[in-house]
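**Student:** start00.pdb is the file, holding PDB, C-alpha atoms:
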```
ATOM      1  CA  MET A 220      -5.025  13.626 -17.937
ATOM      2  CA  LYS A 221      -5.823  16.819 -16.013
ATOM      3  CA  LYS A 222      -6.761  14.798 -12.975
ATOM      4  CA  LEU A 223      -3.272  13.307 -12.885
ATOM      5  CA  ASN A 224      -2.307  16.670 -11.356
ATOM      6  CA  LEU A 225      -3.655  15.196  -8.123
ATOM      7  CA  ILE A 226      -0.781  12.720  -8.154
ATOM      8  CA  PHE A 227       1.924  15.248  -8.926
ATOM      9  CA  SER A 228       0.729  17.583  -6.176
ATOM     10  CA  LEU A 229       1.560  14.898  -3.608
ATOM     11  CA  LEU A 230       5.217  15.216  -4.556
ATOM     12  CA  PHE A 231       5.245  18.604  -2.900
ATOM     13  CA  LEU A 232       3.862  17.076   0.309
ATOM     14  CA  ILE A 233       6.755  14.602   0.410
ATOM     15  CA  ALA A 234       9.261  17.412   0.022
ATOM     16  CA  SER A 235       7.750  19.173   3.047
ATOM     17  CA  LEU A 236       8.721  16.416   5.500
ATOM     18  CA  THR A 237      11.189  17.528   8.152
ATOM     19  CA  ASN A 238      13.402  15.657  10.610
ATOM     20  CA  ALA A 239      11.732  14.723  13.879
ATOM     21  CA  GLN A 240      13.563  14.742  17.183
ATOM     22  CA  ILE A 241      12.424  12.389  19.948
ATOM     23  CA  GLN A 242      12.847  14.461  23.073
ATOM     24  CA  ASP A 243      10.833  13.554  26.135
ATOM     25  CA  GLN A 244      12.592  13.980  29.462
ATOM     26  CA  LYS A 245      10.254  11.517  31.159
ATOM     27  CA  ILE A 246      11.464   8.815  28.784
ATOM     28  CA  GLU A 247      15.120   9.817  28.681
ATOM     29  CA  ASN A 248      15.389  10.004  32.478
ATOM     30  CA  ASN A 249      13.493   6.806  33.224
ATOM     31  CA  LYS A 250      15.922   4.242  34.628
ATOM     32  CA  ASP A 251      13.474   1.392  34.055
ATOM     33  CA  ILE A 252      12.988   2.442  30.461
ATOM     34  CA  ALA A 253      12.072  -1.060  29.245
ATOM     35  CA  ARG A 254       8.783  -0.734  31.164
ATOM     36  CA  SER A 255       7.976   2.781  29.941
ATOM     37  CA  ARG A 256       4.672   3.052  28.139
ATOM     38  CA  ILE A 257       4.570   5.757  25.491
ATOM     39  CA  LYS A 258       2.290   7.258  22.878
ATOM     40  CA  VAL A 259       3.787   8.199  19.509
ATOM     41  CA  TYR A 260       2.061  10.887  17.446
ATOM     42  CA  THR A 261       2.923  10.781  13.726
ATOM     43  CA  LYS A 262       2.800  13.697  11.313
ATOM     44  CA  THR A 263      -0.051  12.015   9.450
ATOM     45  CA  GLY A 264      -2.360  11.702  12.468
ATOM     46  CA  GLU A 265      -1.651   8.174  13.685
ATOM     47  CA  GLU A 266      -1.433   7.620  17.452
ATOM     48  CA  ILE A 267       0.540   4.503  18.439
ATOM     49  CA  VAL A 268       0.626   3.281  22.040
ATOM     50  CA  GLY A 269       3.136   0.714  23.281
ATOM     51  CA  TYR A 270       6.153  -0.131  25.434
ATOM     52  CA  PHE A 271       9.437   1.549  24.591
ATOM     53  CA  ILE A 272      12.065  -0.910  23.229
ATOM     54  CA  SER A 273      14.886   1.145  21.717
ATOM     55  CA  GLN A 274      15.649   4.223  19.653
ATOM     56  CA  ASN A 275      18.379   5.802  17.498
ATOM     57  CA  LYS A 276      18.508   8.765  15.151
ATOM     58  CA  ASP A 277      16.635   6.834  12.440
ATOM     59  CA  PHE A 278      14.068   4.627  14.189
ATOM     60  CA  LEU A 279      12.005   4.220  17.341
ATOM     61  CA  ILE A 280      10.959   0.640  18.200
ATOM     62  CA  ILE A 281       8.005  -0.047  20.504
ATOM     63  CA  GLU A 282       5.956  -3.104  21.494
ATOM     64  CA  THR A 283       2.262  -2.477  20.823
ATOM     65  CA  PHE A 284      -0.722  -4.290  22.257
ATOM     66  CA  GLU A 285      -2.441  -4.722  18.871
ATOM     67  CA  SER A 286       0.342  -5.678  16.460
ATOM     68  CA  GLY A 287       3.523  -6.523  18.393
ATOM     69  CA  LYS A 288       6.809  -4.755  17.663
ATOM     70  CA  ARG A 289       6.628  -1.642  15.486
ATOM     71  CA  LYS A 290       9.608   0.157  13.943
ATOM     72  CA  ILE A 291       8.745   3.811  13.330
ATOM     73  CA  SER A 292      10.963   6.147  11.327
ATOM     74  CA  THR A 293      11.825   9.300  13.265
ATOM     75  CA  GLN A 294      11.002  11.219  10.089
ATOM     76  CA  ARG A 295       7.352  10.293  10.664
ATOM     77  CA  ILE A 296       7.195  11.317  14.331
ATOM     78  CA  LYS A 297       5.612  14.568  15.481
ATOM     79  CA  LYS A 298       6.037  13.999  19.232
ATOM     80  CA  VAL A 299       6.343  11.265  21.869
ATOM     81  CA  GLU A 300       4.453  11.258  25.170
ATOM     82  CA  SER A 301       5.174   9.155  28.271
ATOM     83  CA  LEU A 302       2.206   7.268  29.745
ATOM     84  CA  GLY A 303       3.845   5.790  32.853
ATOM     85  CA  ASP A 304       5.574   2.563  33.871
ATOM     86  CA  GLY A 305       3.019   0.160  32.419
ATOM     87  CA  SER A 306       2.104  -1.340  35.801
ATOM     88  CA  GLY A 307      -1.604  -0.906  35.012
ATOM     89  CA  ASP A 308      -3.682  -0.926  31.863
ATOM     90  CA  TYR A 309      -3.382   2.815  31.248
ATOM     91  CA  GLY A 310      -3.550   3.523  27.541
ATOM     92  CA  LEU A 311      -4.210  -0.121  26.686
ATOM     93  CA  SER A 312      -7.444   0.704  24.916
ATOM     94  CA  GLU A 313      -5.867   3.283  22.605
ATOM     95  CA  LYS A 314      -6.376   2.356  18.948
ATOM     96  CA  SER A 315      -3.576   2.361  16.391
ATOM     97  CA  TYR A 316      -4.745   2.329  12.792
ATOM     98  CA  SER A 317      -1.614   1.338  10.911
ATOM     99  CA  ASN A 318      -1.555   1.459   7.127
ATOM    100  CA  LEU A 319      -1.344  -2.319   6.752
ATOM    101  CA  ASN A 320      -1.988  -2.039   2.996
ATOM    102  CA  SER A 321       0.797   0.393   2.073
ATOM    103  CA  MET A 322       2.085  -2.198  -0.431
ATOM    104  CA  ARG A 323      -0.847  -1.628  -2.790
ATOM    105  CA  TYR A 324      -2.820   1.196  -4.315
ATOM    106  CA  MET A 325      -6.235   0.369  -5.792
ATOM    107  CA  ILE A 326      -4.774  -1.754  -8.606
ATOM    108  CA  GLY A 327      -0.999  -1.320  -8.768
ATOM    109  CA  THR A 328       1.603  -1.915  -6.074
ATOM    110  CA  SER A 329       4.161   0.212  -4.256
ATOM    111  CA  ALA A 330       7.691  -0.855  -3.329
ATOM    112  CA  PHE A 331       6.680  -1.581   0.268
ATOM    113  CA  ASN A 332       6.154  -5.210   1.220
ATOM    114  CA  TYR A 333       3.657  -7.286   3.181
ATOM    115  CA  GLU A 334       4.656  -7.873   6.792
ATOM    116  CA  LYS A 335       6.884 -10.918   7.310
ATOM    117  CA  GLY A 336       5.035 -13.980   8.580
ATOM    118  CA  VAL A 337       1.586 -12.392   8.209
ATOM    119  CA  ASN A 338      -1.261 -13.596   5.969
ATOM    120  CA  TYR A 339      -3.705 -11.402   4.038
ATOM    121  CA  ILE A 340      -6.702 -11.900   1.788
ATOM    122  CA  ARG A 341      -7.804  -9.479  -0.915
ATOM    123  CA  ASN A 342     -10.543  -9.194  -3.509
ATOM    124  CA  ASN A 343     -10.175  -8.085  -7.166
ATOM    125  CA  PRO A 344      -9.186 -10.876  -7.780
ATOM    126  CA  PHE A 345      -9.726 -12.944  -4.641
ATOM    127  CA  THR A 346      -6.190 -13.745  -3.473
ATOM    128  CA  PHE A 347      -4.297 -15.053  -0.462
ATOM    129  CA  HIS A 348      -1.017 -13.244   0.265
ATOM    130  CA  ARG A 349       1.791 -13.960   2.706
ATOM    131  CA  GLY A 350       4.904 -12.027   3.629
ATOM    132  CA  LEU A 351       7.619 -14.685   3.446
ATOM    133  CA  THR A 352      10.562 -12.389   4.334
ATOM    134  CA  GLU A 353      11.077  -8.692   4.951
ATOM    135  CA  ASN A 354      11.571  -8.243   1.192
ATOM    136  CA  PHE A 355       9.575 -11.027  -0.476
ATOM    137  CA  SER A 356       5.888 -11.895  -0.564
ATOM    138  CA  ILE A 357       3.661 -14.021  -2.745
ATOM    139  CA  GLY A 358      -0.018 -14.142  -3.563
ATOM    140  CA  VAL A 359      -2.183 -16.805  -5.203
ATOM    141  CA  GLY A 360      -5.874 -16.752  -5.994
ATOM    142  CA  THR A 361      -8.755 -16.839  -8.425
ATOM    143  CA  SER A 362     -11.757 -14.833  -9.624
ATOM    144  CA  PHE A 363     -15.295 -15.747  -8.594
ATOM    145  CA  PHE A 364     -16.659 -13.883 -11.620
ATOM    146  CA  THR A 365     -14.728 -16.023 -14.127
ATOM    147  CA  MET A 366     -15.769 -19.178 -12.278
ATOM    148  CA  VAL A 367     -19.437 -18.203 -12.567
ATOM    149  CA  ILE A 368     -19.162 -17.747 -16.337
ATOM    150  CA  GLY A 369     -17.386 -21.083 -16.716
ATOM    151  CA  ALA A 370     -13.803 -19.915 -17.066
ATOM    152  CA  PRO A 371     -11.814 -20.779 -13.896
ATOM    153  CA  LEU A 372      -8.780 -18.558 -13.423
ATOM    154  CA  ILE A 373      -5.565 -19.046 -11.442
ATOM    155  CA  TYR A 374      -3.613 -15.941 -10.454
ATOM    156  CA  LEU A 375      -0.021 -15.743  -9.100
ATOM    157  CA  ASN A 376       1.675 -12.620  -7.744
ATOM    158  CA  PRO A 377       5.246 -12.847  -6.319
ATOM    159  CA  LYS A 378       6.920  -9.550  -5.359
ATOM    160  CA  TYR A 379      10.419  -8.526  -4.232
ATOM    161  CA  THR A 380      11.378  -5.151  -2.754
ATOM    162  CA  VAL A 381      14.668  -3.432  -1.878
ATOM    163  CA  HIS A 382      15.237  -0.513   0.499
ATOM    164  CA  LEU A 383      17.619   1.813  -1.384
ATOM    165  CA  GLY A 384      17.550   4.783   0.974
ATOM    166  CA  GLU A 385      15.562   6.443   3.719
ATOM    167  CA  TYR A 386      12.789   7.432   1.337
ATOM    168  CA  VAL A 387      13.502   5.325  -1.756
ATOM    169  CA  HIS A 388      12.411   1.724  -2.393
ATOM    170  CA  TYR A 389      12.638  -0.475  -5.489
ATOM    171  CA  LYS A 390      10.224  -3.257  -6.487
ATOM    172  CA  ILE A 391       9.922  -5.999  -9.058
ATOM    173  CA  GLY A 392       6.919  -8.287  -9.241
ATOM    174  CA  VAL A 393       4.981 -10.584 -11.549
ATOM    175  CA  ASP A 394       1.263 -10.790 -12.275
ATOM    176  CA  ALA A 395       0.636 -14.141 -13.978
ATOM    177  CA  PHE A 396      -2.640 -15.846 -14.822
ATOM    178  CA  ALA A 397      -4.076 -18.873 -16.629
ATOM    179  CA  VAL A 398      -7.735 -19.344 -17.543
ATOM    180  CA  THR A 399      -9.605 -22.276 -19.129
ATOM    181  CA  LEU A 400     -13.008 -22.347 -20.779
ATOM    182  CA  VAL A 401     -14.869 -25.328 -19.315
ATOM    183  CA  ASP A 402     -17.081 -25.883 -22.351
ATOM    184  CA  SER A 403     -14.340 -25.973 -24.981
ATOM    185  CA  PHE A 404     -11.249 -26.718 -22.886
ATOM    186  CA  ASP A 405      -9.676 -23.743 -24.623
ATOM    187  CA  GLY A 406      -7.857 -21.128 -22.596
ATOM    188  CA  ALA A 407      -5.326 -18.365 -22.321
ATOM    189  CA  ALA A 408      -2.375 -17.426 -20.154
ATOM    190  CA  GLY A 409      -0.280 -14.348 -19.615
ATOM    191  CA  ALA A 410       2.308 -12.737 -17.383
ATOM    192  CA  PHE A 411       3.360  -9.153 -16.712
ATOM    193  CA  VAL A 412       6.482  -7.986 -14.939
ATOM    194  CA  ASN A 413       6.017  -4.739 -13.042
ATOM    195  CA  THR A 414       9.036  -2.804 -11.830
ATOM    196  CA  GLY A 415       9.533   0.672 -10.428
ATOM    197  CA  PHE A 416      10.432   2.973  -7.549
ATOM    198  CA  THR A 417       8.547   4.364  -4.569
ATOM    199  CA  VAL A 418       9.533   7.674  -2.984
ATOM    200  CA  GLY A 419       8.199   8.516   0.472
ATOM    201  CA  ILE A 420       6.917   6.744   3.581
ATOM    202  CA  PRO A 421       4.008   4.271   3.930
ATOM    203  CA  ASP A 422       1.563   7.062   4.812
ATOM    204  CA  LEU A 423       2.705   9.455   2.058
ATOM    205  CA  ASN A 424       4.330   8.227  -1.149
ATOM    206  CA  ILE A 425       4.398   8.203  -4.928
ATOM    207  CA  THR A 426       5.324   5.280  -7.215
ATOM    208  CA  GLY A 427       6.279   5.083 -10.866
ATOM    209  CA  THR A 428       5.857   1.652 -12.484
ATOM    210  CA  ALA A 429       6.598   0.141 -15.903
ATOM    211  CA  TYR A 430       4.814  -3.034 -17.048
ATOM    212  CA  PHE A 431       6.188  -5.554 -19.552
ATOM    213  CA  GLY A 432       4.421  -8.742 -20.543
ATOM    214  CA  THR A 433       2.720 -11.075 -22.929
ATOM    215  CA  ILE A 434      -0.610 -12.857 -23.403
ATOM    216  CA  SER A 435      -1.076 -16.019 -25.426
ATOM    217  CA  ASP A 436      -2.359 -15.491 -28.974
ATOM    218  CA  VAL A 437      -1.621 -11.755 -28.787
ATOM    219  CA  GLU A 438       1.092 -10.829 -31.256
ATOM    220  CA  ARG A 439       2.496  -7.841 -29.418
ATOM    221  CA  ILE A 440       1.862  -5.958 -26.160
ATOM    222  CA  ASN A 441       3.619  -2.650 -25.737
ATOM    223  CA  PRO A 442       4.999  -1.651 -22.335
ATOM    224  CA  PHE A 443       2.624   0.536 -20.336
ATOM    225  CA  TYR A 444       3.160   2.798 -17.350
ATOM    226  CA  SER A 445       1.532   4.074 -14.194
ATOM    227  CA  LEU A 446       2.057   6.845 -11.662
ATOM    228  CA  SER A 447       0.402   6.244  -8.285
ATOM    229  CA  ALA A 448       0.197   8.080  -4.974
ATOM    230  CA  MET A 449      -1.333   7.796  -1.521
ATOM    231  CA  ALA A 450      -1.522  10.250   1.381
ATOM    232  CA  ARG A 451      -2.902   9.929   4.889
ATOM    233  CA  ILE A 452      -5.260  12.769   5.777
ATOM    234  CA  SER A 453      -6.474  11.626   9.200
ATOM    235  CA  LYS A 454      -6.127   8.831  11.720
ATOM    236  CA  ARG A 455      -8.320   6.482   9.677
ATOM    237  CA  LEU A 456      -8.567   7.965   6.182
ATOM    238  CA  MET A 457      -6.258   8.088   3.168
ATOM    239  CA  VAL A 458      -6.621   9.396  -0.387
ATOM    240  CA  LEU A 459      -5.293   7.419  -3.360
ATOM    241  CA  SER A 460      -4.773   8.113  -7.044
ATOM    242  CA  GLU A 461      -3.428   6.056  -9.965
ATOM    243  CA  GLY A 462      -2.872   7.175 -13.536
ATOM    244  CA  PHE A 463      -2.193   4.657 -16.341
ATOM    245  CA  TYR A 464      -0.799   5.319 -19.807
ATOM    246  CA  VAL A 465      -1.316   2.464 -22.287
ATOM    247  CA  THR A 466      -0.466   2.066 -25.978
ATOM    248  CA  THR A 467      -1.838  -0.788 -28.068
ATOM    249  CA  GLU A 468      -0.191  -2.856 -30.804
ATOM    250  CA  PHE A 469      -1.811  -0.457 -33.285
ATOM    251  CA  ASN A 470      -0.181   2.505 -31.463
ATOM    252  CA  ASP A 471      -3.506   3.730 -30.099
ATOM    253  CA  ARG A 472      -3.006   5.637 -26.849
ATOM    254  CA  TYR A 473      -5.238   5.405 -23.798
ATOM    255  CA  THR A 474      -5.076   7.004 -20.381
ATOM    256  CA  PHE A 475      -7.277   6.348 -17.379
ATOM    257  CA  LEU A 476      -7.347   7.368 -13.752
ATOM    258  CA  LEU A 477      -8.424   5.715 -10.514
ATOM    259  CA  TYR A 478      -9.030   8.002  -7.562
ATOM    260  CA  GLY A 479     -10.743   7.661  -4.204
ATOM    261  CA  GLY A 480     -10.270   7.002  -0.507
ATOM    262  CA  ARG A 481      -9.212   4.283   1.910
ATOM    263  CA  LEU A 482     -10.669   3.500   5.326
ATOM    264  CA  LEU A 483      -8.243   1.967   7.850
ATOM    265  CA  THR A 484      -9.294  -0.384  10.648
ATOM    266  CA  ASP A 485      -7.423  -2.639  13.069
ATOM    267  CA  PHE A 486      -7.391  -5.605  10.696
ATOM    268  CA  GLY A 487      -8.222  -4.305   7.244
ATOM    269  CA  SER A 488      -8.311  -1.533   4.683
ATOM    270  CA  TYR A 489     -11.265  -0.707   2.446
ATOM    271  CA  ASP A 490     -10.965   1.282  -0.782
ATOM    272  CA  LEU A 491     -13.809   3.054  -2.547
ATOM    273  CA  GLY A 492     -12.924   4.841  -5.745
ATOM    274  CA  LEU A 493     -13.802   5.664  -9.324
ATOM    275  CA  ILE A 494     -12.298   4.567 -12.663
ATOM    276  CA  TYR A 495     -12.293   7.489 -15.088
ATOM    277  CA  ASN A 496     -11.176   8.451 -18.573
ATOM    278  CA  ALA A 497     -12.520  10.535 -21.439
ATOM    279  CA  GLU A 498     -14.511   7.649 -22.948
ATOM    280  CA  ILE A 499     -16.099   6.669 -19.629
ATOM    281  CA  ALA A 500     -16.972  10.322 -18.925
ATOM    282  CA  ARG A 501     -19.299  10.335 -21.942
ATOM    283  CA  PHE A 502     -21.624   7.965 -20.095
ATOM    284  CA  VAL A 503     -20.671   8.337 -16.396
ATOM    285  CA  PRO A 504     -19.456  11.864 -15.549
ATOM    286  CA  PHE A 505     -17.301  10.994 -12.540
ATOM    287  CA  GLY A 506     -16.294   7.432 -13.422
ATOM    288  CA  ILE A 507     -17.219   3.824 -12.687
ATOM    289  CA  PRO A 508     -17.296   2.830  -8.979
ATOM    290  CA  PHE A 509     -14.537   0.512  -7.759
ATOM    291  CA  PHE A 510     -14.233  -1.327  -4.420
ATOM    292  CA  ALA A 511     -11.261  -3.207  -2.972
ATOM    293  CA  ALA A 512     -10.561  -4.690   0.451
ATOM    294  CA  THR A 513      -7.491  -6.195   2.117
ATOM    295  CA  ILE A 514      -7.917  -8.124   5.383
ATOM    296  CA  LYS A 515      -5.093  -9.069   7.747
ATOM    297  CA  LEU A 516      -5.635 -12.604   9.070
TER     298      LEU A 516
END
```
Write out the structure in this file as C-alpha cells.

**Tutor:**
Amino acid sequence: MKKLNLIFSLLFLIASLTNAQIQDQKIENNKDIARSRIKVYTKTGEEIVGYFISQNKDFLIIETFESGKRKISTQRIKKVESLGDGSGDYGLSEKSYSNLNSMRYMIGTSAFNYEKGVNYIRNNPFTFHRGLTENFSIGVGTSFFTMVIGAPLIYLNPKYTVHLGEYVHYKIGVDAFAVTLVDSFDGAAGAFVNTGFTVGIPDLNITGTAYFGTISDVERINPFYSLSAMARISKRLMVLSEGFYVTTEFNDRYTFLLYGGRLLTDFGSYDLGLIYNAEIARFVPFGIPFFAATIKL
C-alpha cells in the first residue's frame, strides 16, 4: 500500500497546471494565417509541428503531417513558434509523439476514448479496437495462451466516455468474456462493468474506478476498486501506476500495485512494468514483470 503514494503524489502535479496564453506576433499578424506553419511546445515536453487552423481561449487546432488535425487544449501549451508560410518542407521532419494510448493504463482504462475512425490492436489479451465515435469505442479479441491450453476465449470491451468539464471525464465500460474447454465442452463466462472519473489531461491524469460483475458458477463477487495515474516526463516517456483493492466473497482483502513506464512512438505505445504486492514480494522483491503494447493501424 505504501507504493500507492506514487499515485497520490501525481494529484499535486495536476493542481500545478496553469493557464497558457498563445501569443506569437508572427502568427497573429500573418494575413495568410491558413498557410502558417507552427510548432507547439507542450508543458509535458511534446513538440507538435503543423499548419495553423484556428484557435480560441480553450483550444488550438492544427493540421499535422503525421496524424491529421489535432485539437490541443491551451492549458497544455507552453509556447507556440512560427515556422514560416509552409511553402517549403521546413519542419516537415519534426516528430510528434502523441500519447495515442491515453485511454488505458497497464490494465485499467481512463475516461479518455480511442480516436474516432481509427483502429488499434493490443495484447493482454490480443484485441482489436476501433473508435466508432468521439465518445464510444469497442474492442473484441481472444487470448493466445488460452487457445494453446485448449480453452478458446472470446473477449468483448465496449466503452463510453463523457466530457464533464475542462479536466473531468466520466467513463462506463464492460469487460465480458466466454471460454470453452475443448476436451469437455465445459466453459465459463463473466462480465464486469467498470465506471469512474478521470481528472487531468491525456499526458497527466488520475482515474478512480469501481468494478461490478459476475462470473458463472461463482456465488458472489464483491465490487473492487482501482486508483490509476499516468504522467509524461519527456517527449517519449511516461510513468504509470495502478493500485487495486479487492475483497473476496469470504471478506479477505487483497491489494496489489502495477508500476512502470511507457515508451511512445509514432504508431504505438509500449509498457514495461511490474506487478507487486506483499505476497509476491516474498518471492520476487520488486514484482513480476509485465509487458503491454498498443499499435495504431

**Student:** Of the candidates A:His382, A:His388, A:Arg481, A:Arg349, which shows the shortest atom-to-atom distance to Leu516 in chain A, using all atoms listed in the file?

**Tutor:** A:Arg349

**Student:** Evaluate the PyMOL selection byres ((chain A and resi 491) around 6) and record the selected residues as a CSV table (one decimal) with C-alpha atoms, in the frame of the given file, following the chain and residue labels used in the document.

**Tutor:**
```csv
chain,number,residue,atom,x,y,z
A,479,GLY,CA,-10.7,7.7,-4.2
A,480,GLY,CA,-10.3,7.0,-0.5
A,490,ASP,CA,-11.0,1.3,-0.8
A,492,GLY,CA,-12.9,4.8,-5.7
A,509,PHE,CA,-14.5,0.5,-7.8
A,510,PHE,CA,-14.2,-1.3,-4.4
```

**Student:** Report the residues retrieved by the PyMOL selection byres ((chain A and resi 461) around 6) from the displayed file, expressed as an MDAnalysis selection string.

**Tutor:** chainID A and resid 446:447 460 462 476:477

**Student:** Write out, as a short mmCIF file (atom, residue, chain, number, x, y, z; two decimals), in the coordinates of the input, the residues just selected, with C-alpha atoms.

**Tutor:**
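Writing the result to part-v4.cif gives the following:
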```
data_model
loop_
_atom_site.label_atom_id
_atom_site.label_comp_id
_atom_site.auth_asym_id
_atom_site.auth_seq_id
_atom_site.Cartn_x
_atom_site.Cartn_y
_atom_site.Cartn_z
CA LEU A 446 2.06 6.84 -11.66
CA SER A 447 0.40 6.24 -8.28
CA SER A 460 -4.77 8.11 -7.04
CA GLY A 462 -2.87 7.18 -13.54
CA LEU A 476 -7.35 7.37 -13.75
CA LEU A 477 -8.42 5.72 -10.51
#
```

**Student:** Translate the PyMOL selection byres ((chain A and resi 384) around 12), as applied to the file shown, into an explicit residue set as a list in words.

**Tutor:**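 Output of the PyMOL selection byres ((chain A and resi 384) around 12): Asp277, Val381, His382, Leu383, Glu385, Tyr386, Val387, His388, Tyr389, Phe416, Thr417, Val418, Gly419 and Ile420 of chain A.
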
**Student:** A:Arg323, A:Lys288, A:Lys335, A:Lys258: which is nearest Thr352 in chain A, counting only C-alpha atoms?

**Tutor:**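 Once distances to Thr352 in chain A are computed over only C-alpha atoms, the minimum belongs to A:Lys335.
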
**Student:** Please identify all polymer residues lying at most 7 Å from the point (8.5, 8.1, 14.9) (file coordinates), using all atoms listed in the file, and present the result as a list in words.

**Tutor:**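 Applying the cut-off with all atoms listed in the file, one gets Val259, Thr261, Phe278, Leu279, Ile291, Ser292, Thr293, Gln294, Arg295 and Ile296 of chain A.
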
**Student:** Quick one: pull the distance between CA of Asp485 in chain A and CA of Glu282 in chain A, Å, one decimal.

**Tutor:** 15.8 Å
